[in-house]
Amino acid sequence: MLQRIRTRYAPSPTGRMHVGNLRTALYAYLIAKHEDGDFLLRIEDTDQERQVEGAVEIINRTLEKTGLLWDEGPDKDGGVGPYVQSERVTAGIYMDYAKKLIEKGEAYYCFCTKERLESLRQTLTVDGETKEITIYDKHCLHLPKEEIEANLAAGKPFVVRQNTPNEGTTTFTDVLYGDITVPNAELDDMILLKSDGFPTYNFANVVDDHLMGISHVVRGNEYLSSAPKYTRLYHAFGWEEPVYVHCPLITDEHKKKLSKRSGHSSYEDLVEQGFVDEAIVNYVALLGWSPEDNEEIFSLEELVKKFDYHKINKSPAVFDMTKLRWLNSEYIKRLSDEKYYERALPEVRKVISKPLDLKKIADLMKTRIEVFPDIAEPIRFFEELPEYGVDLYTHKKMKTDTAVSLEILRDLLPRLERQEDYSLEGLKEYLSAYITETGRKTGQVLWPLRIAVSGLANTPGGAYEIMEILGKEESLARIRQGIAKLEAAG
């Protein structure tokens, strides 16, 4: 009988969700749902000093908005809880399993003081980078049983360390990287339980993954170096290892690790910059994976069907903002009118305070923007006619110059003063009749009219749409200003 696929996303509550963490959550979700399995949420809050207030709410909100709904978690007990590590500490889970390893000789109590550990520090140069590390010398492994018991009875502070052999090798398997073997001499006796009783990340996630029945572990490839330590823990307990999927690094356009300084390293950064949830999820899925048919636009449901974690690329994934903006523009075009307007309205209100039809203004921009903040600048002219030069009235293709434009605007003004219907249809019908009557080209009439009412060569919408939104009084006032400009220019 095949094991049920169970994956987990196990974030630390330390702030906004980094794009890399969102990808980890997404890939874990897709692996589970592709096989109709379970996706779990577990909060790894063992590092109490790094916790940020409200971070758990950020995690929950981000997963909910991106559609990565968990089957089990702190609010959905599937029978293997608690799903918050600090609560599991209180339940004594980690201490119990640490003692099991001590009984097997796979771990030991360490009572060394900070001063002694400091004396073990060494300076090493790795890949040109110099750093200080502490290589523990197994001193406490050899303490007599009586001394250990006396130290414990006296309440002497201790940590629990893994007992890693100095000889031999450890091999683990990753879906993308295959078998990787490392000499045990390179693995230190890592701390499993800290002096405050909290487990280290490495120990807690092995115990929790086993007890929660996790079949596939998805994480960034920066954890590859820790994988042998996890493997030794699984072997020490006599447990079966999960399937490891170590995802490639995400870099910026300069091939450096995507950092907070980039300004778009977190999900919330991207939302604030005007990206749509669905576009973010779609793009993050492509950071290291692509389908065989080279399609690029997928709903979450389509990703569930198509995603194959065996096709994840080992090469670093470059976060390409240009591509994300393009993808976002495609999603904006597909938004319902209601959802689009809900997101667009705050941007419109940043520049428009006059009592104009804000929805019609927003609608002009729907197919023209990549992100929502793109809306503001092109529509600013609705609020106030910008200063412009009469050279804008000259357009060779439209067969207009300042003289022709002045003649047309003078001719149109009294007619538009008499026109009452300033709806889009009314203006189109009226101006079409004028074009037919005068025998002029459509562009020759509409170009100077658009320049007069907008003061811009490029606008969202043409003369009809702009005049409808501005209304009769403001449109006529701007046309009069255009005539005055042209007359003053001679």
# chains A, B, ... in the order shown; residues from 1 in each chain; ligands from 1
call {"tool": "residues_around", "arguments": {"residues": "His395 (chain A)", "least_positions_apart": "6", "cutoff": "10 Å", "atoms": "only C-alpha atoms", "output": "PyMOL selection string"}}
result
chain A and resi 401-402+405+443-444+447-448+457
call {"tool": "residues_around", "arguments": {"residues": "region 469-479 of chain A", "least_positions_apart": "5", "cutoff": "10 Å", "atoms": "only C-alpha atoms", "output": "tab-separated table (two decimals) with N, CA, C and O atoms, in the first residue's frame"}}
result
chain	number	residue	atom	x	y	z
A	354	LYS	N	-11.97	65.73	-7.95
A	354	LYS	CA	-13.17	66.33	-8.53
A	354	LYS	C	-14.30	65.30	-8.63
A	354	LYS	O	-14.04	64.09	-8.69
A	355	PRO	N	-15.55	65.76	-8.66
A	355	PRO	CA	-16.70	64.84	-8.74
A	355	PRO	C	-16.89	64.27	-10.15
A	355	PRO	O	-17.84	64.58	-10.85
A	356	LEU	N	-15.93	63.44	-10.56
A	356	LEU	CA	-15.98	62.80	-11.87
A	356	LEU	C	-16.37	61.34	-11.71
A	356	LEU	O	-16.36	60.81	-10.60
A	357	ASP	N	-16.69	60.68	-12.80
A	357	ASP	CA	-17.03	59.26	-12.77
A	357	ASP	C	-15.73	58.45	-12.65
A	357	ASP	O	-15.05	58.17	-13.63
A	358	LEU	N	-15.39	58.09	-11.40
A	358	LEU	CA	-14.11	57.43	-11.15
A	358	LEU	C	-14.05	56.04	-11.78
A	358	LEU	O	-12.97	55.58	-12.18
A	359	LYS	N	-15.18	55.38	-11.88
A	359	LYS	CA	-15.17	54.03	-12.48
A	359	LYS	C	-14.82	54.11	-13.96
A	359	LYS	O	-14.05	53.28	-14.47
A	360	LYS	N	-15.36	55.11	-14.66
A	360	LYS	CA	-15.05	55.24	-16.08
A	360	LYS	C	-13.57	55.59	-16.27
A	360	LYS	O	-12.93	55.11	-17.21
A	361	ILE	N	-13.03	56.39	-15.37
A	361	ILE	CA	-11.61	56.71	-15.44
A	361	ILE	C	-10.78	55.45	-15.22
A	361	ILE	O	-9.84	55.15	-15.97
A	382	PHE	N	-7.18	64.53	-15.83
A	382	PHE	CA	-8.61	64.70	-15.56
A	382	PHE	C	-8.83	65.69	-14.41
A	382	PHE	O	-9.81	66.44	-14.41
A	383	GLU	N	-7.91	65.68	-13.46
A	383	GLU	CA	-8.02	66.57	-12.31
A	383	GLU	C	-7.66	68.01	-12.69
A	383	GLU	O	-8.34	68.95	-12.31
A	385	LEU	N	-5.83	70.33	-16.12
A	385	LEU	CA	-5.20	70.37	-17.44
A	385	LEU	C	-3.74	70.78	-17.27
A	385	LEU	O	-3.44	71.83	-16.70
A	409	LEU	N	-11.00	73.76	-34.13
A	409	LEU	CA	-11.52	74.04	-32.78
A	409	LEU	C	-12.47	75.23	-32.78
A	409	LEU	O	-13.49	75.22	-32.08
A	410	ARG	N	-12.13	76.25	-33.56
A	410	ARG	CA	-13.04	77.41	-33.67
A	410	ARG	C	-14.38	77.00	-34.27
A	410	ARG	O	-15.44	77.47	-33.84
A	412	LEU	N	-15.67	73.95	-34.20
A	412	LEU	CA	-16.37	73.00	-33.32
A	412	LEU	C	-16.99	73.66	-32.09
A	412	LEU	O	-18.03	73.22	-31.60
A	413	LEU	N	-16.33	74.69	-31.57
A	413	LEU	CA	-16.74	75.26	-30.28
A	413	LEU	C	-18.23	75.62	-30.22
A	413	LEU	O	-18.94	75.14	-29.32
A	414	PRO	N	-18.75	76.43	-31.15
A	414	PRO	CA	-20.18	76.79	-31.04
A	414	PRO	C	-21.10	75.59	-31.21
A	414	PRO	O	-22.16	75.50	-30.61
A	416	LEU	N	-20.35	72.47	-30.26
A	416	LEU	CA	-20.32	71.71	-29.01
A	416	LEU	C	-21.03	72.45	-27.88
A	416	LEU	O	-21.51	71.83	-26.92
A	417	GLU	N	-21.08	73.76	-27.97
A	417	GLU	CA	-21.84	74.55	-26.98
A	417	GLU	C	-23.35	74.25	-27.10
A	417	GLU	O	-24.07	74.25	-26.09
A	419	GLN	N	-24.53	71.35	-28.30
A	419	GLN	CA	-24.76	69.93	-28.07
A	419	GLN	C	-25.05	69.68	-26.58
A	419	GLN	O	-24.32	70.11	-25.70
A	420	GLU	N	-26.13	68.99	-26.28
A	420	GLU	CA	-26.51	68.72	-24.89
A	420	GLU	C	-26.08	67.33	-24.43
A	420	GLU	O	-25.75	67.12	-23.27
A	421	ASP	N	-26.09	66.39	-25.38
A	421	ASP	CA	-25.79	65.00	-25.02
A	421	ASP	C	-24.27	64.76	-25.03
A	421	ASP	O	-23.67	64.65	-26.09
A	422	TYR	N	-23.65	64.69	-23.83
A	422	TYR	CA	-22.22	64.45	-23.73
A	422	TYR	C	-21.90	63.02	-23.30
A	422	TYR	O	-20.84	62.72	-22.77
A	423	SER	N	-22.84	62.11	-23.57
A	423	SER	CA	-22.55	60.70	-23.36
A	423	SER	C	-21.62	60.24	-24.47
A	423	SER	O	-21.48	60.90	-25.50
A	424	LEU	N	-20.98	59.10	-24.29
A	424	LEU	CA	-20.05	58.57	-25.28
A	424	LEU	C	-20.76	58.40	-26.62
A	424	LEU	O	-20.24	58.83	-27.66
A	448	PRO	N	-6.78	67.37	-32.64
A	448	PRO	CA	-6.75	68.65	-31.93
A	448	PRO	C	-7.75	68.70	-30.77
A	448	PRO	O	-7.51	69.35	-29.75
A	449	LEU	N	-8.86	68.00	-30.94
A	449	LEU	CA	-9.87	67.98	-29.88
A	449	LEU	C	-9.31	67.27	-28.64
A	449	LEU	O	-9.48	67.74	-27.51
A	450	ARG	N	-8.60	66.16	-28.87
A	450	ARG	CA	-8.03	65.42	-27.73
A	450	ARG	C	-6.91	66.21	-27.06
A	450	ARG	O	-6.79	66.21	-25.83
A	451	ILE	N	-6.09	66.88	-27.87
A	451	ILE	CA	-5.01	67.69	-27.28
A	451	ILE	C	-5.63	68.79	-26.42
A	451	ILE	O	-5.17	69.07	-25.30
A	452	ALA	N	-6.68	69.41	-26.90
A	452	ALA	CA	-7.30	70.52	-26.17
A	452	ALA	C	-7.88	70.07	-24.84
A	452	ALA	O	-7.75	70.78	-23.83
A	453	VAL	N	-8.51	68.91	-24.81
A	453	VAL	CA	-9.19	68.50	-23.56
A	453	VAL	C	-8.25	67.76	-22.60
A	453	VAL	O	-8.58	67.58	-21.43
A	454	SER	N	-7.06	67.34	-23.10
A	454	SER	CA	-6.15	66.58	-22.23
A	454	SER	C	-4.80	67.25	-22.01
A	454	SER	O	-4.17	67.06	-20.96
A	455	GLY	N	-4.32	67.99	-23.01
A	455	GLY	CA	-2.99	68.59	-22.92
A	455	GLY	C	-1.88	67.56	-23.08
A	455	GLY	O	-0.73	67.82	-22.77
A	463	ALA	N	-10.78	61.26	-27.56
A	463	ALA	CA	-11.52	62.50	-27.29
A	463	ALA	C	-12.92	62.22	-26.76
A	463	ALA	O	-13.39	62.89	-25.82
A	464	TYR	N	-13.61	61.24	-27.34
A	464	TYR	CA	-14.99	60.94	-26.91
A	464	TYR	C	-15.01	60.56	-25.43
A	464	TYR	O	-15.80	61.09	-24.65
A	484	ALA	N	-7.30	79.73	-27.30
A	484	ALA	CA	-6.53	80.90	-26.84
A	484	ALA	C	-5.03	80.65	-26.98
A	484	ALA	O	-4.27	81.55	-27.39
A	485	LYS	N	-4.57	79.44	-26.67
A	485	LYS	CA	-3.15	79.10	-26.80
A	485	LYS	C	-2.70	79.24	-28.26
A	485	LYS	O	-1.65	79.80	-28.57
call {"tool": "atom_distance", "arguments": {"atom1": "CA of Leu286 (chain A)", "atom2": "CA of Arg23 (chain A)"}}
result
9.2 Å
call {"tool": "select_by_dssp", "arguments": {"residues": "region 252-462 of chain A", "states": "alpha helix (DSSP H)", "output": "number ranges by chain"}}
result
A: 267-272, 277-285, 300-306, 321-334, 337-349, 358-365, 376-383, 402-418, 424-438, 442-454
call {"tool": "residues_around", "arguments": {"residues": "His210 (chain A)", "least_positions_apart": "4", "cutoff": "9 Å", "atoms": "only C-alpha atoms", "output": "list of chain:residue names"}}
result
A:Asn205, A:Val206, A:Ile214, A:Ser215, A:Tyr234, A:Trp239, A:Glu240, A:Glu241, A:Pro242
